[in-house]
Amino acid sequence: MKRELAQDIGLREGIKRIDRGKIKKAIDLLFTKKAETRLKLYTSTCIHCGLCAEACHFYMSHKDPSYMPIAKVQNTIWKLLKEGANVNNQDLALIAQIAYTECNLCRRCSMYCPFGIDIAYQMAMVRRFCHLIGVTPQYIQDTAHSHAATMNQMWVKEDEWIDSVQWQEEEAREELPYLRIPLEKYEADVFYSVIGPEPKFRSQLIYQAAVIMNVAGVNWTMPATPGWDNSDMAMYVGDYELMGRLKKIHFETALRLKCKKIVMGECGHAFRSVYDTGTRWLGWKEPPLPIIHAVQFYYELFKAGKIKVGKTYPKKVTFHDPCNIVRGRGLQEMARTVVKAFCPDFVEMHPNREHNYCCSAGGGVINCGPPYKKTRVKGNKVKAEQLKRTEAEVVIAPCHNCHGGLEDIIHHYGLNMEIKFLGDIIYECMDKSTHPEE
Amino acid sequence: MVEKKDWDWEIESRVIVELLDCPLRYIWREEPKVSPDGEKIAFIINEGENKFSVCQNKTHWEEAYDKVWSLKYGPDGRLSVLALTDEGRWTVVTEQVPWENSFDFAWELQFSTDGSQIGVAIQNEQQYGMAVNDVLWPTLYPNANHFTLSPKGNHSAAVVQTQNLSQGDIFKYQEGVFSVAIDGQTWDTKLVNIWTPIFDHQGKHICAQCRTSLYTYTIVVDGKVWDKEFSSVWRPAFNPATRSCMAPVRIGKKWGLAQDGEIILTPRFYQMWNFIFSPLGDSWAAIVATDLGKWTVCINGSTWKTHFETLVYDITFSPDGQRIAAAGKNKDKWFVLVDDQVWNESFDMVFEPVFSPDSKHLAVKVEKNGAYTYAIDGKVLPHSFDQLWMPVFSPDSKKILLRGITENQYLRAVIPVEG
Ligand code: SF4
Ligand code: SF4
């Protein structure tokens, strides 16, 4: 494996502070009999056929065997299994670097492995280990710190959240004079939650969601308390205790307001955490309240005739299937129904649906920040080529991380493409004449 | 303040506001709030040109503001809001009287148990703290969360960030920069994280969840951290009788209970949270999961036989501490659960159960097919409402005050409790 250790104080300082006792403890904690049996099964089942390699955008783009899924596993968890607490500090930092920044936990490779070996599971386990020994990339760790201190991922202060929602309401009233973003409305049908970056950097998404909700006549609310952020970098850092804490406050906020269901904005990783990983960690076999992703919500509104096409979208578009809501939840056809209704000039990218390539931002990779940008962007040349082949002017990606990832790729490879959320398209093209007047 | 015993407990049903679509001057009207005694109903109204005010029983407040939100009746029946003045400052307005202090922002409006003290979270020039009854903390902080007023309202507290953190300073954060400020004064203790500070009944002590490193969770009481550390903890509570502090704690992957730092219930649950004491402190209860998706109630260490697969929520002790009720959920059906028995009917939503003062009766607001009603001692009232507020028992436990909206009328009714 030829890999330079990144200029990241999280890793570099992390290994300086390490104590061997911590490593031993983490190994004992993680490699329980059950986990070890599963891992050993993977080790002995893998026939080194390399089929997973062609599935991973990192390998496909870098063409360097060390980016093959199986190589990443060998260089991380298998190494830990073999060397135990004797693994040296430099290797530990590299192990963290691979696990956090060279695998998106996208699960594409498992689909191609003849034995269904779950690479993402193993990489997530490595991250958990790295969290326990305190060797984590600085940027994503800072995000987890924000989660713990404020219950949102962007250090958004409590008043800033309320203020930005009220501000978006005021702005949107310029367009629809009776529009409301009902804060703290009890017994609403829909509890709408978003991710930390929305009030901070993408507040127009709150505006657009409000317009869609109001035009569709949805009885909805947003909370004025922490619990509004559904995102979860704690899950990706490997801090599962914190992940549970975040999911608890999110669900309990919806339960406090006695809402019927939770609708989440266009974010993939948050959906994975809320719908599955975080919820189950807490002991909920299924979410305590029904929870749907915005794509499904828009689909249901569209099918019920509550959002109608006012004008069609004029540009040629393609659709990027986010891993967490497509491979993870199967929302691909719902998304296409809405996209095709609004965008007559639609073209598929290939591969697509559950076979789509990851944006390479997901799994917390983009959240590890600038030190890894180059590897991430170069590691997704296949995505750039895939996008280019569509000759589309616009790529619709209903996921925040995908947006970040695709933006970097489009910019780096000089593709002349815009990126849109599904909500952008609906907002722009829906028939708004039905907006109720009180 | 009219004492609860002096509320109108006689008249069976009285329409308070005839026609909710009143012809008063507003552009739109927000969700109504009703007073504890049911005699008043209020709305935030938009009067056009970005002017907001309040309408109560069809009468307008005299002032209008650039923005009004957080409309709340306090327990004493006084109506408060947060309002934005034309100077662009936020203040608290109670019964039309604004505070003298105003702030860059105000939120988390809250009341003491008797309603006499009103607290609010505030921000001035990017510094955070609280104000209670128009008195501002003397010291403010770079950030604060978990704003809490003591039950008597004599003290207020929040988790505060004691120093600025530059972006991405993960190591300084891990040294611990958070504390609890009480009336603006912080503990000497600084911790990695602190959550949910809880006052005791007198407002003299505070316990909270905390993290002493990224991996070690425990409870902090009045700035003193318990000796034992856990892999996680949930919200603690003070025993109202002895003032000892108990909290669900996690060891390895199992949850149990600790009191003043010592394990008193060996961890064995998949989950254990929302821990409460009975009003007299002689019993405790918590929601537990005995396994993934197997939820029930644990009282003084014994678990109920009844389990729900989706959720158990809103556990409530009767005033005498002898009974417990909760809401339970299987898939999309909600049930009322009391003393390990499930009431027959299922609902689309079950709200927090309410016991009578003598602990003999239980009233629960429930929702079915888009309409609300009460289920009282297992029987569902025949009337349903478009909107309904929580039931309130009379002090003698013989009657229930119902506050609801039906056919565009807001009414209050007094229902006798059978048996
Ligand atoms: S990035 Fe995706 S395809 Fe590549 S190793 Fe990770 S999970 Fe597998
Ligand atoms: S595809 Fe499966 S069996 Fe083949 S190398 Fe990858 S993990 Fe091993």
# chains A, B, ... in the order shown; residues from 1 in each chain; ligands from 1

$ residues_near_ligand --ligand "ligand 1" --cutoff "6 Å" --atoms "only C-alpha atoms and all ligand atoms" --output "count of residues only"
12

$ residues_near_ligand --ligand "ligand 2" --cutoff "9 Å" --atoms "only C-alpha atoms and all ligand atoms" --output "PyMOL selection string"
chain A and resi 42-43+45-53+55+68-71+73+109-119

$ select_by_dssp --residues "segment 89-184 of chain B" --states "alpha helix (DSSP H)" --output "list in words"
Ile170, Phe171, Lys172, Tyr173, Gln174 and Glu175 of chain B

$ closest_atom_pairs --of "chain A" --to "chain B" --cutoff "6 Å" --atoms "only C-alpha atoms" --output "tab-separated table"
residue	atom	partner	partner_atom	distance
A:Asp142	CA	B:Gly168	CA	5.4
A:Gly283	CA	B:Leu292	CA	4.7
A:Trp284	CA	B:Gly293	CA	5.1
A:Lys285	CA	B:Gly293	CA	4.7
A:Pro288	CA	B:Thr310	CA	5.5

$ write_last_selection --atoms "N, CA, C and O atoms" --output "compact mmCIF listing (two decimals), in the first residue's frame"
# COMPACT_ATOMS: atom_id res chain seq x y z
N ASP A 142 -15.06 17.35 14.42
CA ASP A 142 -15.63 18.62 14.85
C ASP A 142 -17.15 18.63 14.64
O ASP A 142 -17.90 19.18 15.45
N GLY A 283 -33.07 0.48 20.13
CA GLY A 283 -33.98 -0.58 20.55
C GLY A 283 -35.30 -0.55 19.81
O GLY A 283 -36.17 -1.38 20.03
N TRP A 284 -35.45 0.44 18.92
CA TRP A 284 -36.65 0.47 18.10
C TRP A 284 -36.42 -0.41 16.88
O TRP A 284 -35.54 -0.16 16.07
N LYS A 285 -37.26 -1.43 16.76
CA LYS A 285 -37.14 -2.34 15.62
C LYS A 285 -37.56 -1.62 14.35
O LYS A 285 -37.07 -1.86 13.26
N PRO A 288 -40.39 4.71 15.65
CA PRO A 288 -41.57 4.85 16.50
C PRO A 288 -42.69 5.68 15.86
O PRO A 288 -43.85 5.55 16.25

$ atom_distance --atom1 "atom CA of Gly129 of chain B" --atom2 "atom CA of Glu171 of chain A"
28.7 Å

$ atom_distance --atom1 "atom CA of Thr186 of chain B" --atom2 "atom CA of Thr212 of chain B"
17.0 Å

$ select_by_dssp --residues "segment 180-350 of chain B" --states "strand (DSSP E or B)" --output "ChimeraX atom specification"
/B:180-182,185-186,191,193-199,206-211,217-221,224-225,230,232-233,237-238,245-251,254-259,262-269,271-277,284-291,294-299,302-303,308,311-317,324-330,333-338,341-342,347,349-350

$ closest_residue --among "B:Phe393, B:Phe103, B:Phe385, B:Trp334" --to "Val135 of chain B" --atoms "only C-alpha atoms"
B:Phe103

$ residues_around --residues "Thr279 of chain A" --least-positions-apart "2" --cutoff "12 Å" --atoms "only C-alpha atoms" --output "compact mmCIF listing (two decimals) with all heavy atoms, in the first residue's frame"
# COMPACT_ATOMS: atom_id res chain seq x y z
N ASN A 230 -31.96 16.29 11.52
CA ASN A 230 -32.02 14.82 11.46
C ASN A 230 -30.69 14.20 11.04
O ASN A 230 -30.58 12.99 10.92
CB ASN A 230 -33.15 14.39 10.51
CG ASN A 230 -33.04 15.04 9.14
OD1 ASN A 230 -31.95 15.28 8.64
ND2 ASN A 230 -34.18 15.32 8.53
N ASP A 232 -26.55 13.10 10.94
CA ASP A 232 -25.87 12.23 11.89
C ASP A 232 -24.45 11.88 11.48
O ASP A 232 -24.18 10.81 10.94
CB ASP A 232 -26.68 10.96 12.07
CG ASP A 232 -26.22 10.15 13.28
OD1 ASP A 232 -25.15 10.47 13.82
OD2 ASP A 232 -26.93 9.22 13.66
N MET A 235 -22.81 8.84 13.53
CA MET A 235 -22.88 7.49 12.97
C MET A 235 -21.64 7.20 12.13
O MET A 235 -21.07 6.11 12.21
CB MET A 235 -24.15 7.38 12.09
CG MET A 235 -24.21 6.17 11.20
SD MET A 235 -25.79 6.06 10.32
CE MET A 235 -25.60 7.31 9.04
N TYR A 240 -21.42 5.65 18.29
CA TYR A 240 -22.80 5.18 18.25
C TYR A 240 -23.62 5.66 19.45
O TYR A 240 -24.83 5.81 19.36
CB TYR A 240 -22.84 3.65 18.15
CG TYR A 240 -22.23 3.13 16.86
CD1 TYR A 240 -21.68 1.87 16.77
CD2 TYR A 240 -22.20 3.94 15.73
CE1 TYR A 240 -21.10 1.40 15.59
CE2 TYR A 240 -21.62 3.50 14.54
CZ TYR A 240 -21.08 2.24 14.48
OH TYR A 240 -20.51 1.80 13.31
N GLU A 241 -22.94 5.89 20.56
CA GLU A 241 -23.67 6.40 21.73
C GLU A 241 -24.25 7.77 21.42
O GLU A 241 -25.39 8.08 21.76
CB GLU A 241 -22.73 6.50 22.95
CG GLU A 241 -22.27 5.16 23.50
CD GLU A 241 -21.19 4.48 22.68
OE1 GLU A 241 -20.61 5.13 21.77
OE2 GLU A 241 -20.90 3.30 22.93
N MET A 243 -24.78 8.89 18.35
CA MET A 243 -25.80 8.66 17.30
C MET A 243 -27.16 8.39 17.95
O MET A 243 -28.17 8.97 17.57
CB MET A 243 -25.37 7.46 16.43
CG MET A 243 -26.47 6.90 15.56
SD MET A 243 -25.94 5.42 14.66
CE MET A 243 -25.97 4.18 15.95
N GLY A 244 -27.17 7.52 18.96
CA GLY A 244 -28.42 7.20 19.64
C GLY A 244 -29.04 8.44 20.28
O GLY A 244 -30.24 8.67 20.20
N ARG A 245 -28.20 9.25 20.89
CA ARG A 245 -28.66 10.48 21.54
C ARG A 245 -29.32 11.42 20.52
O ARG A 245 -30.33 12.05 20.80
CB ARG A 245 -27.45 11.14 22.20
CG ARG A 245 -27.73 12.31 23.10
CD ARG A 245 -26.50 12.60 23.95
NE ARG A 245 -26.31 11.55 24.93
CZ ARG A 245 -26.85 11.56 26.16
NH1 ARG A 245 -27.57 12.58 26.55
NH2 ARG A 245 -26.64 10.56 26.97
N LEU A 246 -28.73 11.50 19.34
CA LEU A 246 -29.28 12.38 18.31
C LEU A 246 -30.63 11.86 17.80
O LEU A 246 -31.56 12.62 17.58
CB LEU A 246 -28.31 12.50 17.12
CG LEU A 246 -26.91 13.02 17.44
CD1 LEU A 246 -26.04 12.98 16.19
CD2 LEU A 246 -26.99 14.43 17.99
N LYS A 247 -30.69 10.57 17.62
CA LYS A 247 -31.96 10.01 17.11
C LYS A 247 -33.05 10.13 18.15
O LYS A 247 -34.20 10.37 17.84
CB LYS A 247 -31.80 8.54 16.72
CG LYS A 247 -30.84 8.26 15.57
CD LYS A 247 -31.05 9.16 14.38
CE LYS A 247 -29.95 10.20 14.29
NZ LYS A 247 -30.00 11.07 13.13
N LYS A 248 -32.67 9.98 19.42
CA LYS A 248 -33.68 10.09 20.49
C LYS A 248 -34.30 11.49 20.48
O LYS A 248 -35.52 11.64 20.50
CB LYS A 248 -33.04 9.79 21.85
CG LYS A 248 -34.05 9.81 23.00
CD LYS A 248 -33.39 9.38 24.31
CE LYS A 248 -34.41 8.97 25.36
NZ LYS A 248 -34.78 10.03 26.29
N ILE A 249 -33.48 12.49 20.42
CA ILE A 249 -34.04 13.85 20.52
C ILE A 249 -34.86 14.18 19.26
O ILE A 249 -35.90 14.84 19.34
CB ILE A 249 -32.95 14.92 20.80
CG1 ILE A 249 -33.64 16.24 21.19
CG2 ILE A 249 -32.01 15.13 19.68
CD1 ILE A 249 -32.70 17.31 21.69
N HIS A 250 -34.43 13.66 18.13
CA HIS A 250 -35.18 13.91 16.89
C HIS A 250 -36.58 13.28 17.00
O HIS A 250 -37.60 13.94 16.78
CB HIS A 250 -34.39 13.35 15.71
CG HIS A 250 -35.07 13.50 14.39
ND1 HIS A 250 -35.47 12.42 13.64
CD2 HIS A 250 -35.45 14.59 13.69
CE1 HIS A 250 -36.04 12.86 12.53
NE2 HIS A 250 -36.04 14.16 12.53
N PHE A 251 -36.64 12.01 17.36
CA PHE A 251 -37.95 11.36 17.48
C PHE A 251 -38.77 11.96 18.61
O PHE A 251 -39.98 12.15 18.47
CB PHE A 251 -37.78 9.85 17.72
CG PHE A 251 -37.57 9.08 16.45
CD1 PHE A 251 -36.39 8.40 16.22
CD2 PHE A 251 -38.55 9.06 15.47
CE1 PHE A 251 -36.19 7.69 15.04
CE2 PHE A 251 -38.36 8.36 14.29
CZ PHE A 251 -37.18 7.68 14.07
N GLU A 252 -38.13 12.25 19.73
CA GLU A 252 -38.91 12.76 20.86
C GLU A 252 -39.45 14.16 20.60
O GLU A 252 -40.45 14.56 21.18
CB GLU A 252 -38.07 12.71 22.15
CG GLU A 252 -37.92 11.27 22.63
CD GLU A 252 -37.51 11.14 24.08
OE1 GLU A 252 -36.87 12.06 24.60
OE2 GLU A 252 -37.85 10.11 24.69
N ALA A 270 -28.80 10.94 6.53
CA ALA A 270 -29.69 11.16 7.68
C ALA A 270 -30.80 10.11 7.65
O ALA A 270 -31.21 9.58 8.67
CB ALA A 270 -30.27 12.56 7.63
N PHE A 271 -31.25 9.83 6.43
CA PHE A 271 -32.32 8.83 6.30
C PHE A 271 -31.82 7.46 6.78
O PHE A 271 -32.52 6.75 7.49
CB PHE A 271 -32.78 8.76 4.83
CG PHE A 271 -34.02 7.93 4.67
CD1 PHE A 271 -35.25 8.41 5.09
CD2 PHE A 271 -33.95 6.65 4.14
CE1 PHE A 271 -36.39 7.64 4.97
CE2 PHE A 271 -35.09 5.87 4.01
CZ PHE A 271 -36.31 6.37 4.42
N ARG A 272 -30.59 7.12 6.39
CA ARG A 272 -30.02 5.85 6.82
C ARG A 272 -29.99 5.75 8.35
O ARG A 272 -30.33 4.74 8.94
CB ARG A 272 -28.59 5.76 6.27
CG ARG A 272 -27.79 4.53 6.64
CD ARG A 272 -26.42 4.69 6.00
NE ARG A 272 -25.57 3.52 6.07
CZ ARG A 272 -24.65 3.22 5.14
NH1 ARG A 272 -24.51 3.99 4.09
NH2 ARG A 272 -23.89 2.18 5.26
N SER A 273 -29.61 6.85 8.97
CA SER A 273 -29.50 6.85 10.42
C SER A 273 -30.87 6.83 11.09
O SER A 273 -31.12 6.05 12.00
CB SER A 273 -28.73 8.10 10.87
OG SER A 273 -28.84 8.25 12.26
N VAL A 274 -31.76 7.70 10.62
CA VAL A 274 -33.07 7.81 11.28
C VAL A 274 -33.92 6.57 11.01
O VAL A 274 -34.60 6.06 11.89
CB VAL A 274 -33.81 9.08 10.80
CG1 VAL A 274 -35.20 9.15 11.41
CG2 VAL A 274 -33.04 10.32 11.18
N TYR A 275 -33.88 6.13 9.76
CA TYR A 275 -34.76 5.03 9.39
C TYR A 275 -34.26 3.69 9.92
O TYR A 275 -35.03 2.81 10.24
CB TYR A 275 -34.89 4.98 7.86
CG TYR A 275 -35.95 4.01 7.41
CD1 TYR A 275 -37.28 4.37 7.48
CD2 TYR A 275 -35.62 2.73 6.98
CE1 TYR A 275 -38.27 3.48 7.12
CE2 TYR A 275 -36.59 1.83 6.62
CZ TYR A 275 -37.92 2.21 6.69
OH TYR A 275 -38.90 1.33 6.33
N ASP A 276 -32.94 3.59 10.02
CA ASP A 276 -32.41 2.26 10.27
C ASP A 276 -31.38 2.23 11.41
O ASP A 276 -31.69 1.90 12.55
CB ASP A 276 -31.81 1.73 8.96
CG ASP A 276 -31.28 0.32 9.08
OD1 ASP A 276 -31.66 -0.35 10.04
OD2 ASP A 276 -30.50 -0.10 8.21
N THR A 277 -30.16 2.68 11.10
CA THR A 277 -29.04 2.44 12.01
C THR A 277 -29.25 2.99 13.42
O THR A 277 -29.13 2.26 14.41
CB THR A 277 -27.75 3.04 11.41
OG1 THR A 277 -27.73 2.71 10.02
CG2 THR A 277 -26.51 2.49 12.05
N TRP A 281 -30.28 0.97 16.97
CA TRP A 281 -29.32 1.01 18.08
C TRP A 281 -30.05 1.33 19.39
O TRP A 281 -29.69 0.84 20.45
CB TRP A 281 -28.24 2.07 17.80
CG TRP A 281 -27.11 2.00 18.78
CD1 TRP A 281 -25.99 1.22 18.68
CD2 TRP A 281 -26.98 2.71 20.02
NE1 TRP A 281 -25.19 1.41 19.77
CE2 TRP A 281 -25.76 2.30 20.61
CE3 TRP A 281 -27.77 3.65 20.68
CZ2 TRP A 281 -25.32 2.81 21.83
CZ3 TRP A 281 -27.33 4.14 21.90
CH2 TRP A 281 -26.12 3.72 22.47
N LEU A 282 -31.09 2.15 19.29
CA LEU A 282 -31.84 2.54 20.48
C LEU A 282 -32.80 1.47 20.98
O LEU A 282 -33.32 1.55 22.07
CB LEU A 282 -32.62 3.82 20.21
CG LEU A 282 -31.77 5.10 20.12
CD1 LEU A 282 -32.61 6.25 19.61
CD2 LEU A 282 -31.15 5.45 21.46
N GLY A 283 -33.07 0.48 20.13
CA GLY A 283 -33.98 -0.58 20.55
C GLY A 283 -35.30 -0.55 19.81
O GLY A 283 -36.17 -1.38 20.03
N TRP A 284 -35.45 0.44 18.92
CA TRP A 284 -36.65 0.47 18.10
C TRP A 284 -36.42 -0.41 16.88
O TRP A 284 -35.54 -0.16 16.07
CB TRP A 284 -36.95 1.90 17.64
CG TRP A 284 -37.60 2.74 18.70
CD1 TRP A 284 -38.64 2.40 19.50
CD2 TRP A 284 -37.27 4.11 19.04
NE1 TRP A 284 -38.98 3.46 20.32
CE2 TRP A 284 -38.16 4.51 20.06
CE3 TRP A 284 -36.32 5.02 18.58
CZ2 TRP A 284 -38.13 5.79 20.63
CZ3 TRP A 284 -36.29 6.28 19.14
CH2 TRP A 284 -37.19 6.65 20.17
N LYS A 285 -37.26 -1.43 16.76
CA LYS A 285 -37.14 -2.34 15.62
C LYS A 285 -37.56 -1.62 14.35
O LYS A 285 -37.07 -1.86 13.26
CB LYS A 285 -38.08 -3.51 15.87
CG LYS A 285 -37.67 -4.80 15.27
CD LYS A 285 -38.66 -5.81 15.78
CE LYS A 285 -38.37 -7.21 15.49
NZ LYS A 285 -39.32 -8.04 16.26
N GLU A 286 -38.55 -0.76 14.51
CA GLU A 286 -39.00 0.09 13.41
C GLU A 286 -39.09 1.50 13.98
O GLU A 286 -39.19 1.66 15.20
CB GLU A 286 -40.38 -0.36 12.94
CG GLU A 286 -41.41 -0.23 14.02
CD GLU A 286 -42.58 -1.20 13.85
OE1 GLU A 286 -42.37 -2.41 13.80
OE2 GLU A 286 -43.69 -0.70 13.80
N PRO A 287 -39.09 2.51 13.13
CA PRO A 287 -39.18 3.87 13.69
C PRO A 287 -40.47 4.03 14.50
O PRO A 287 -41.51 3.53 14.11
CB PRO A 287 -39.20 4.75 12.44
CG PRO A 287 -38.58 3.93 11.36
CD PRO A 287 -38.93 2.51 11.67
N PRO A 288 -40.39 4.71 15.65
CA PRO A 288 -41.57 4.85 16.50
C PRO A 288 -42.69 5.68 15.86
O PRO A 288 -43.85 5.55 16.25
CB PRO A 288 -41.04 5.55 17.75
CG PRO A 288 -39.77 6.20 17.33
CD PRO A 288 -39.21 5.35 16.24
N LEU A 289 -42.32 6.50 14.91
CA LEU A 289 -43.31 7.21 14.10
C LEU A 289 -42.96 6.92 12.65
O LEU A 289 -41.79 6.77 12.33
CB LEU A 289 -43.20 8.72 14.31
CG LEU A 289 -43.74 9.31 15.60
CD1 LEU A 289 -43.41 10.79 15.67
CD2 LEU A 289 -45.25 9.12 15.70
N PRO A 290 -43.97 6.88 11.78
CA PRO A 290 -43.63 6.67 10.37
C PRO A 290 -42.69 7.78 9.89
O PRO A 290 -42.85 8.93 10.29
CB PRO A 290 -44.97 6.77 9.65
CG PRO A 290 -46.01 6.63 10.70
CD PRO A 290 -45.40 7.06 11.99
N ILE A 291 -41.75 7.40 9.07
CA ILE A 291 -40.79 8.40 8.62
C ILE A 291 -40.53 8.20 7.14
O ILE A 291 -40.30 7.07 6.70
CB ILE A 291 -39.51 8.30 9.47
CG1 ILE A 291 -38.47 9.27 8.99
CG2 ILE A 291 -38.92 6.93 9.52
CD1 ILE A 291 -37.65 9.76 10.13
N GLN B 271 -32.75 -1.31 26.49
CA GLN B 271 -32.90 0.14 26.62
C GLN B 271 -33.62 0.45 27.91
O GLN B 271 -34.43 -0.37 28.39
CB GLN B 271 -33.70 0.69 25.42
CG GLN B 271 -33.82 2.19 25.36
CD GLN B 271 -32.47 2.91 25.40
OE1 GLN B 271 -31.94 3.25 26.46
NE2 GLN B 271 -31.86 3.10 24.24
N LEU B 292 -34.73 -6.02 21.48
CA LEU B 292 -35.02 -5.14 20.35
C LEU B 292 -36.52 -5.20 20.04
O LEU B 292 -37.08 -6.27 19.82
CB LEU B 292 -34.21 -5.61 19.14
CG LEU B 292 -34.40 -4.81 17.85
CD1 LEU B 292 -33.83 -3.40 17.96
CD2 LEU B 292 -33.77 -5.53 16.66
N GLY B 293 -37.18 -4.03 20.07
CA GLY B 293 -38.61 -3.97 19.75
C GLY B 293 -39.51 -4.63 20.77
O GLY B 293 -40.61 -5.06 20.43
N THR B 310 -43.64 -1.32 19.05
CA THR B 310 -43.19 -0.09 18.40
C THR B 310 -42.74 0.98 19.39
O THR B 310 -41.71 1.62 19.20
CB THR B 310 -44.29 0.46 17.48
OG1 THR B 310 -44.70 -0.59 16.61
CG2 THR B 310 -43.82 1.63 16.65
N LEU B 311 -43.51 1.18 20.44
CA LEU B 311 -43.20 2.31 21.32
C LEU B 311 -43.98 2.20 22.62
O LEU B 311 -45.14 1.77 22.63
CB LEU B 311 -43.61 3.62 20.61
CG LEU B 311 -43.44 4.95 21.34
CD1 LEU B 311 -41.97 5.35 21.41
CD2 LEU B 311 -44.21 6.05 20.62

$ atom_distance --atom1 "atom CA of Trp220 of chain A" --atom2 "atom CA of Gln166 of chain A"
14.9 Å

$ residues_around --residues "segment 62-65 of chain A" --least-positions-apart "6" --cutoff "8 Å" --atoms "only C-alpha atoms" --output "list of chain:residue names"
A:Ala71, A:Lys378, A:Gly379, A:Lys381

$ residues_around --residues "segment 327-343 of chain A" --least-positions-apart "5" --cutoff "8 Å" --atoms "only C-alpha atoms" --output "list in words"
Arg107, Arg108, Arg272, Val295, Gln296, Tyr298, Tyr299, Phe302, Val309, Lys311, Thr312, Tyr313, Pro314, Lys315, Lys316, Val317, Phe319, Asp321, Pro322, Arg353, Glu354, His355, Leu422, Ile425, Ile426 and Cys429 of chain A

$ decode --residues "segment 344-355 of chain A" --atoms "N, CA and C atoms" --output "PDB file, in the first residue's frame"
ATOM      1  N   PRO A 344     -39.695  16.515 -19.212  1.00  0.00           N
ATOM      2  CA  PRO A 344     -39.900  15.638 -20.369  1.00  0.00           C
ATOM      3  C   PRO A 344     -38.588  15.206 -21.025  1.00  0.00           C
ATOM      4  N   ASP A 345     -37.593  16.053 -20.932  1.00  0.00           N
ATOM      5  CA  ASP A 345     -36.314  15.699 -21.551  1.00  0.00           C
ATOM      6  C   ASP A 345     -35.419  15.040 -20.497  1.00  0.00           C
ATOM      7  N   PHE A 346     -35.747  13.787 -20.220  1.00  0.00           N
ATOM      8  CA  PHE A 346     -35.029  13.059 -19.173  1.00  0.00           C
ATOM      9  C   PHE A 346     -34.191  11.953 -19.791  1.00  0.00           C
ATOM     10  N   VAL A 347     -32.985  11.818 -19.315  1.00  0.00           N
ATOM     11  CA  VAL A 347     -32.138  10.742 -19.825  1.00  0.00           C
ATOM     12  C   VAL A 347     -31.501  10.012 -18.639  1.00  0.00           C
ATOM     13  N   GLU A 348     -31.476   8.693 -18.726  1.00  0.00           N
ATOM     14  CA  GLU A 348     -30.849   7.914 -17.647  1.00  0.00           C
ATOM     15  C   GLU A 348     -29.332   7.998 -17.762  1.00  0.00           C
ATOM     16  N   MET A 349     -28.680   7.987 -16.615  1.00  0.00           N
ATOM     17  CA  MET A 349     -27.238   7.756 -16.649  1.00  0.00           C
ATOM     18  C   MET A 349     -27.040   6.243 -16.513  1.00  0.00           C
ATOM     19  N   HIS A 350     -25.907   5.763 -16.961  1.00  0.00           N
ATOM     20  CA  HIS A 350     -25.655   4.320 -16.878  1.00  0.00           C
ATOM     21  C   HIS A 350     -24.329   4.074 -16.172  1.00  0.00           C
ATOM     22  N   PRO A 351     -24.257   3.209 -15.233  1.00  0.00           N
ATOM     23  CA  PRO A 351     -25.350   2.429 -14.644  1.00  0.00           C
ATOM     24  C   PRO A 351     -26.280   3.321 -13.813  1.00  0.00           C
ATOM     25  N   ASN A 352     -27.445   2.793 -13.515  1.00  0.00           N
ATOM     26  CA  ASN A 352     -28.382   3.598 -12.736  1.00  0.00           C
ATOM     27  C   ASN A 352     -29.083   2.754 -11.671  1.00  0.00           C
ATOM     28  N   ARG A 353     -30.020   3.400 -11.010  1.00  0.00           N
ATOM     29  CA  ARG A 353     -30.777   2.795  -9.895  1.00  0.00           C
ATOM     30  C   ARG A 353     -29.808   2.184  -8.868  1.00  0.00           C
ATOM     31  N   GLU A 354     -30.055   0.963  -8.428  1.00  0.00           N
ATOM     32  CA  GLU A 354     -29.186   0.435  -7.354  1.00  0.00           C
ATOM     33  C   GLU A 354     -27.759   0.174  -7.841  1.00  0.00           C
ATOM     34  N   HIS A 355     -27.571   0.220  -9.143  1.00  0.00           N
ATOM     35  CA  HIS A 355     -26.208   0.014  -9.672  1.00  0.00           C
ATOM     36  C   HIS A 355     -25.439   1.318  -9.860  1.00  0.00           C
TER      37      HIS A 355
END
